[in-house]
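Q: Submitted below is the structure of interest, expressed as structure tokens.
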Amino acid sequence: MSDASASRSEILSAVRNRHVPAAALPDLTGAWITFPDRAAHFAETLRSVGGTCVDVAGIEELRVALQSLEPVAAAKKVYSALPEAAPSTFDMAQVADPHALDDADVAIARGEFAVAENGAVWVTDANLKHRVILFIAQHLVLVVPRNQIVNNMHEAYARLRFDGPGYGLFLSGPSKTADIEQSLVIGAHGPRSLTVYLLDGSA
Amino acid sequence: MPTPHAVRAARFVADSDRAHWHDQALWFVRVKRDRMAQSLPEWEALRETAAGIKAHTLSRLGDFLEQFEERAIALGARVHWARDAAEHNAIVLSILESHDVKKVVKSKSMLTEECHLNPFLERHEIEVVDTDLGERIVQLAGEPPSHIVLPAIHKKKEDVGEIFHRFLKTEAGASDPKYLTEAARQHLREKFLASDAGITGVNFAVAETGGFVVCTNEGNADLGVSLPKLHIACMGIEKLIPRAADLGVFLRLLARSATGQPITTYSSHFHGPAAGGELHIVLVDNGRSKILESEEFRRSLNCIRCGACMNTCPVYRRSGGHSYDATVPGPIGSILGPARDAKKYAGLPHACSLCGSCTDVCPVKIDLHYQLLTWRGEIGRRGLLPWSKTIPMKLLAFVLKRPWLYALAGRIARRVLPLVPRWLLYNRLNDWGRQRELPQIPKHSFREIYERRQRQSQ
């Protein structure tokens with residue numbers, strides 16, 4: 001389309017023809033905040049944004065904890081990325097259309113690492129057939145290795161590589177809104193609760 | 001003639017309880033922002049770094065745009081370029097039409113507001129549903145957002161109850177935010193499930209990776225684009241940043257500045273389309289390259305749309321977002337507005353007390369109140385000031401240039417003013433007399449008192 005390429009070259013020449021003074025790209029090393037106890041700060045921050053953080057010593061303890069977690073105990077439809085800790089009630093591989101996940105009660109997924117400063121967990125869809133499960137389930141559980149907590153977002157990005165197609169997000173707390181009179185309501189469109197298990201003894 | 005902003009603001013403040021409530025609601029957000037900023041010892045260093053990254057990006061914007069395009073295409077996305085709003089809308093429509101899309105869900109995007117995408121698509125018989133709760137409220141009410149982060153901040157819960165009663169069949173008189181939010185959740189869940197395509201804005205686009213980040217608290221962007229196969233992301237060309245690592249700086253600043261949260265609930269990084277899906281990215285200029293040219297106003301392109309300048313602005317808080325009659329209201333809107341249409345928005349740079357609070361809170365160090373002052377001069381030079389401002393200013397300049405005339409005028413005023421009847425001073429013609437009282441008129445001017453004291457001490 002000639003018109004489309006005309007727009008492209010017009011915009012590019014418009015921004016190039018401006019005399020914008022050169023400015024150096026800042027270096028990102030800095031005395032960024034660190035925490036003596038990253039797990040404790042993560043847990044406290046996650047709590048402040050409506051999430052729950054629970055320490056578990058190993059898979060067995062996680063299994064027991066999940067059994068008694070209220071949303072899981074009450075759930076009819078559960079997706080679990082950690083079958084060793086909790087079973088899925090259906091076979092995700094058989095789900096062709098993500099719309100079919102609308103009635104999912106709980107999703108249990110792995111978080112790669114957590115960020116102490118803001119209570120966020122980095123989650124990707126690398127092993128999820130349908131990423132919508134993270135948003136469409138009524139309740140979300142993330143399991144993060146306890147030894148994978150960074151201090152701040154600069155340390156977080158130092159770990160991340162974006163060298164191919166993919167999707168990932170920092171997820172901090174349950175879905176929420178304060179759009180009606182600034183009153184905080186948990187459970188806007190996505191999960192009504194987020195429980196993060198910090199799992200000890202795993203890498 | 002008062003400026004349109006003043007007229008609209010007067011309507012807003014006529015309901016003084018509501019105006020007071022609005023003021024307090026926004027101040028509450030400002031206080032939360034302060035708490036977050038103060039909890040980070042490196043806050044100022046972060047702001048400095050963010051401004052530096054933006055300055056660098058703008059100095060090489062063409063290179064970064066090309067780099068971004070090349071990487072995004074390599075990841076499987078399709079990239080479109082739009083010079084203006086009309087071209088943007090046409091591109092979005094043609095993508096939707098080629099996929100036979102009838103229903104679209106959209107997450108918050110100030111760019112699509114700026115381009116008036118919704119009415120355009122509706123004219124072409126495509127249903128567009130705004131999925132951010134605040135945006136859905138104003139969409140149902142048939143209004144534009146009054147704030148860029150809190151679109152329905154001007155609505156009380158009773159107003160929302162009425163709107164939802166009408167459109168979502170909630171109980172009459174119900175105003176509990178929890179109940180109303182639940183009703184919206186159910187209503188919008190149906191829309192999410194029925195949509196053929198998802199449109200999102202873009203908070204940051206990364207040149208070196210070809211990916212972009214969308215931030216929400218509700219999860220509506222992610223839900224909206226992970227059910228249908230088609231995702232269209234619309235972004236202004238100033239959303240670019242060079243490196244993925246720069247996101248560390250901006251994501252630390254954005255939510256803390258916007259709502260006083262440590263980070264938004266969802267900060268989603270899209271690199272290429274989902275498996276089996278299609279991703280289109282529309283890069284929009286719409287006046288941005290023109291702003292880039294201007295030495296004075298270039299820094300306004302640093303804006304990351306956090307809304308902190310609105311929450312702190314004494315004029316915005318007391319006059320409401322709709323009084324600006326612009327897509328982006330408040331201090332930053334009063335800079336971007338005149339850049340777009342100086343005549344239409346000539347009054348906005350005057351809707352400002354020059355207190356400088358916006359400049360203090362801006363996470364990307366835009367010198368907002370200096371730019372507002374600069375705009376005032378610019379608007380004067382272009383002859384866009386109303387005579388109610390130009391004539392008194394000319395008169396004042398004439399008097400102030402002549403010390404003898406100034407002294408004489410003062411002497412006359414001190415004699416005459418106390419004798420003038422109230423109706424002559426405080427009437428419709430004198431804007432300055434509204435809500436203001438003249439001070440007690442002293443018998444002597446400072447100059448007279450000073451001269452007398454000098455004489456006495458000799």
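Letters A, B, ... mark the chains of the structure tokens in the order given; residue numbers begin at 1 per chain; ligand numbers begin at 1, in order shown.
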Return as a list of chain:residue names the full set of residues in stretch 28-96 of chain A whose backbone-based DSSP assignment is helix (DSSP H, G or I).
A: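 In stretch 28-96 of chain A, DSSP puts these residues in helix (DSSP H, G or I): A:Arg38, A:Ala39, A:Ala40, A:His41, A:Phe42, A:Ala43, A:Glu44, A:Thr45, A:Leu46, A:Arg47, A:Ser48, A:Ile59, A:Glu60, A:Glu61, A:Leu62, A:Arg63, A:Val64, A:Ala65, A:Leu66, A:Gln67, A:Ser68, A:Glu70, A:Pro71, A:Val72, A:Ala73, A:Ala74, A:Met92, A:Ala93, A:Gln94.
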Q: Can you write just those residues out, N, CA and C atoms, as a compact mmCIF listing (two decimals), in the first residue's frame?
A:
```txt
# COMPACT_ATOMS: atom_id res chain seq x y z
N ARG A 38 14.06 -9.94 52.20
CA ARG A 38 13.25 -9.72 50.99
C ARG A 38 11.91 -10.42 51.06
N ALA A 39 11.90 -11.65 51.61
CA ALA A 39 10.65 -12.40 51.67
C ALA A 39 9.64 -11.68 52.57
N ALA A 40 10.13 -11.17 53.67
CA ALA A 40 9.22 -10.48 54.61
C ALA A 40 8.66 -9.22 53.97
N HIS A 41 9.51 -8.50 53.25
CA HIS A 41 9.02 -7.27 52.63
C HIS A 41 8.05 -7.57 51.50
N PHE A 42 8.37 -8.61 50.75
CA PHE A 42 7.45 -9.03 49.68
C PHE A 42 6.08 -9.37 50.28
N ALA A 43 6.08 -10.17 51.35
CA ALA A 43 4.82 -10.61 51.97
C ALA A 43 4.02 -9.42 52.47
N GLU A 44 4.72 -8.49 53.09
CA GLU A 44 4.03 -7.31 53.65
C GLU A 44 3.44 -6.46 52.53
N THR A 45 4.21 -6.27 51.45
CA THR A 45 3.72 -5.45 50.34
C THR A 45 2.56 -6.12 49.63
N LEU A 46 2.67 -7.43 49.44
CA LEU A 46 1.59 -8.17 48.78
C LEU A 46 0.31 -8.04 49.60
N ARG A 47 0.46 -8.12 50.93
CA ARG A 47 -0.71 -7.98 51.81
C ARG A 47 -1.34 -6.59 51.62
N SER A 48 -0.50 -5.59 51.49
CA SER A 48 -1.01 -4.22 51.37
C SER A 48 -1.79 -4.00 50.06
N ILE A 59 7.04 -29.37 48.89
CA ILE A 59 5.87 -29.74 48.09
C ILE A 59 4.77 -30.37 48.95
N GLU A 60 5.19 -31.21 49.88
CA GLU A 60 4.19 -31.90 50.71
C GLU A 60 3.39 -30.87 51.52
N GLU A 61 4.11 -29.90 52.08
CA GLU A 61 3.42 -28.88 52.87
C GLU A 61 2.53 -28.02 51.96
N LEU A 62 2.99 -27.77 50.75
CA LEU A 62 2.19 -27.01 49.79
C LEU A 62 0.90 -27.76 49.46
N ARG A 63 1.04 -29.09 49.31
CA ARG A 63 -0.12 -29.92 48.97
C ARG A 63 -1.19 -29.81 50.08
N VAL A 64 -0.72 -29.90 51.31
CA VAL A 64 -1.65 -29.81 52.44
C VAL A 64 -2.28 -28.42 52.51
N ALA A 65 -1.43 -27.42 52.31
CA ALA A 65 -1.93 -26.04 52.38
C ALA A 65 -2.99 -25.78 51.31
N LEU A 66 -2.73 -26.28 50.11
CA LEU A 66 -3.68 -26.05 49.01
C LEU A 66 -5.01 -26.75 49.27
N GLN A 67 -4.93 -27.93 49.88
CA GLN A 67 -6.16 -28.66 50.17
C GLN A 67 -7.08 -27.86 51.08
N SER A 68 -6.47 -27.14 52.00
CA SER A 68 -7.31 -26.42 52.97
C SER A 68 -7.55 -24.97 52.57
N GLU A 70 -9.34 -22.13 51.07
CA GLU A 70 -10.79 -22.10 50.87
C GLU A 70 -11.23 -22.14 49.40
N PRO A 71 -10.73 -21.28 48.54
CA PRO A 71 -11.19 -21.32 47.14
C PRO A 71 -10.94 -22.69 46.49
N VAL A 72 -9.84 -23.35 46.86
CA VAL A 72 -9.53 -24.65 46.27
C VAL A 72 -10.49 -25.71 46.80
N ALA A 73 -10.71 -25.65 48.13
CA ALA A 73 -11.60 -26.64 48.75
C ALA A 73 -13.01 -26.55 48.16
N ALA A 74 -13.41 -25.33 47.83
CA ALA A 74 -14.78 -25.12 47.34
C ALA A 74 -14.88 -25.28 45.82
N MET A 92 -6.10 -29.65 30.42
CA MET A 92 -5.95 -28.40 29.66
C MET A 92 -5.59 -28.70 28.20
N ALA A 93 -4.85 -29.74 27.97
CA ALA A 93 -4.43 -30.07 26.60
C ALA A 93 -5.62 -30.32 25.69
N GLN A 94 -6.73 -30.71 26.30
CA GLN A 94 -7.93 -31.00 25.51
C GLN A 94 -8.78 -29.75 25.24
```
Q: Given only C-alpha atoms, how would the per-residue table for chain A near chain B read, listing every residue at most 6 Å away with its closest atom pair and distance in Å to one decimal, sorted by chain and number, as a tab-separated table?
A:
```
residue	atom	partner	partner_atom	distance
A:Ser7	CA	B:Arg83	CA	5.9
A:Arg8	CA	B:Trp81	CA	5.3
A:Leu12	CA	B:Gly62	CA	5.4
A:Val15	CA	B:Ser289	CA	5.4
A:Arg16	CA	B:Gly62	CA	5.7
A:Arg18	CA	B:Glu293	CA	5.1
A:Val20	CA	B:Ser59	CA	5.1
A:Ala22	CA	B:Ser59	CA	5.5
A:Ala23	CA	B:His56	CA	4.8
A:Ala24	CA	B:His56	CA	5.8
A:Leu25	CA	B:His56	CA	5.4
A:Pro26	CA	B:Gly52	CA	6.0
A:Asn118	CA	B:Pro262	CA	4.9
A:Val132	CA	B:Ser226	CA	5.3
A:Phe135	CA	B:Leu223	CA	5.9
A:Met153	CA	B:Gly248	CA	4.9
A:His154	CA	B:Gly248	CA	5.1
A:Tyr157	CA	B:Ala245	CA	5.4
A:Pro165	CA	B:His271	CA	5.0
A:Gly166	CA	B:His271	CA	5.2
A:Tyr167	CA	B:Phe270	CA	5.1
A:Gly168	CA	B:His269	CA	5.3
A:Leu169	CA	B:Ser268	CA	4.2
A:Phe170	CA	B:Ser267	CA	5.1
A:Leu171	CA	B:Tyr266	CA	4.9
A:Ser172	CA	B:Thr265	CA	4.5
A:Gly173	CA	B:Thr265	CA	5.8
A:Ser175	CA	B:Glu218	CA	4.8
A:Lys176	CA	B:Glu218	CA	5.0
A:Thr177	CA	B:Glu218	CA	5.8
A:Asp179	CA	B:Gly134	CA	5.0
A:Ile180	CA	B:Lys157	CA	5.9
A:Glu181	CA	B:Lys156	CA	6.0
A:Val185	CA	B:Lys178	CA	5.9
A:Ala188	CA	B:Glu218	CA	5.2
A:His189	CA	B:Arg185	CA	5.5
A:Gly190	CA	B:Gly219	CA	5.6
```
Q: From the options B:Val361, B:Ile95, B:Leu384, B:Cys355, which residue's atoms come nearest to B:Asp341, counting only C-alpha atoms?
A: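 Using only C-alpha atoms, the shortest distance to B:Asp341 belongs to B:Leu384.
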Q: Please give the complete set of residues from stretch 2-132 of chain B that DSSP, run on the backbone, assigns to strand (DSSP E), formatted as a list in words.
A: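 For stretch 2-132 of chain B, the strand (DSSP E) set is Arg78, Val79, His80, Trp81, Ala82, Lys103, Val104, Val105, Lys106, Glu127, Val128, Val129 and Asp130 of chain B.
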Q: Go ahead and save the picked residues with N, CA and C atoms, as a PDB file, in the first residue's frame.
A:
```pdb
ATOM      1  N   ARG B  78       2.175  -6.993  13.169  1.00  0.00           N
ATOM      2  CA  ARG B  78       2.104  -6.109  12.000  1.00  0.00           C
ATOM      3  C   ARG B  78       2.072  -4.680  12.505  1.00  0.00           C
ATOM      4  N   VAL B  79       2.830  -3.824  11.846  1.00  0.00           N
ATOM      5  CA  VAL B  79       2.983  -2.446  12.320  1.00  0.00           C
ATOM      6  C   VAL B  79       2.385  -1.482  11.302  1.00  0.00           C
ATOM      7  N   HIS B  80       1.569  -0.551  11.799  1.00  0.00           N
ATOM      8  CA  HIS B  80       0.925   0.443  10.943  1.00  0.00           C
ATOM      9  C   HIS B  80       1.329   1.839  11.405  1.00  0.00           C
ATOM     10  N   TRP B  81       1.319   2.774  10.469  1.00  0.00           N
ATOM     11  CA  TRP B  81       1.692   4.153  10.796  1.00  0.00           C
ATOM     12  C   TRP B  81       0.537   5.090  10.451  1.00  0.00           C
ATOM     13  N   ALA B  82       0.179   5.936  11.397  1.00  0.00           N
ATOM     14  CA  ALA B  82      -0.925   6.874  11.148  1.00  0.00           C
ATOM     15  C   ALA B  82      -0.471   8.294  11.436  1.00  0.00           C
ATOM     16  N   LYS B 103     -17.899  -7.074  17.231  1.00  0.00           N
ATOM     17  CA  LYS B 103     -17.859  -6.676  18.637  1.00  0.00           C
ATOM     18  C   LYS B 103     -16.421  -6.578  19.124  1.00  0.00           C
ATOM     19  N   VAL B 104     -16.122  -5.444  19.737  1.00  0.00           N
ATOM     20  CA  VAL B 104     -14.763  -5.197  20.206  1.00  0.00           C
ATOM     21  C   VAL B 104     -14.801  -4.846  21.687  1.00  0.00           C
ATOM     22  N   VAL B 105     -13.859  -5.389  22.450  1.00  0.00           N
ATOM     23  CA  VAL B 105     -13.661  -4.879  23.807  1.00  0.00           C
ATOM     24  C   VAL B 105     -12.374  -4.070  23.820  1.00  0.00           C
ATOM     25  N   LYS B 106     -12.409  -2.981  24.554  1.00  0.00           N
ATOM     26  CA  LYS B 106     -11.278  -2.055  24.553  1.00  0.00           C
ATOM     27  C   LYS B 106     -10.866  -1.792  25.998  1.00  0.00           C
ATOM     28  N   GLU B 127     -19.672  -2.723  17.533  1.00  0.00           N
ATOM     29  CA  GLU B 127     -19.916  -2.411  18.949  1.00  0.00           C
ATOM     30  C   GLU B 127     -18.571  -2.323  19.670  1.00  0.00           C
ATOM     31  N   VAL B 128     -18.337  -1.209  20.360  1.00  0.00           N
ATOM     32  CA  VAL B 128     -17.108  -1.049  21.138  1.00  0.00           C
ATOM     33  C   VAL B 128     -17.497  -0.941  22.601  1.00  0.00           C
ATOM     34  N   VAL B 129     -16.935  -1.810  23.414  1.00  0.00           N
ATOM     35  CA  VAL B 129     -17.232  -1.748  24.844  1.00  0.00           C
ATOM     36  C   VAL B 129     -15.952  -1.390  25.591  1.00  0.00           C
ATOM     37  N   ASP B 130     -15.984  -0.282  26.314  1.00  0.00           N
ATOM     38  CA  ASP B 130     -14.872   0.064  27.188  1.00  0.00           C
ATOM     39  C   ASP B 130     -14.963  -0.830  28.415  1.00  0.00           C
TER      40      ASP B 130
END
```
Q: Mind pulling up the distance from atom CA of B:Cys234 to atom CA of B:Ala90?
A: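 One can read the atom CA of B:Ala90 to atom CA of B:Cys234 distance as 12.5 Å.
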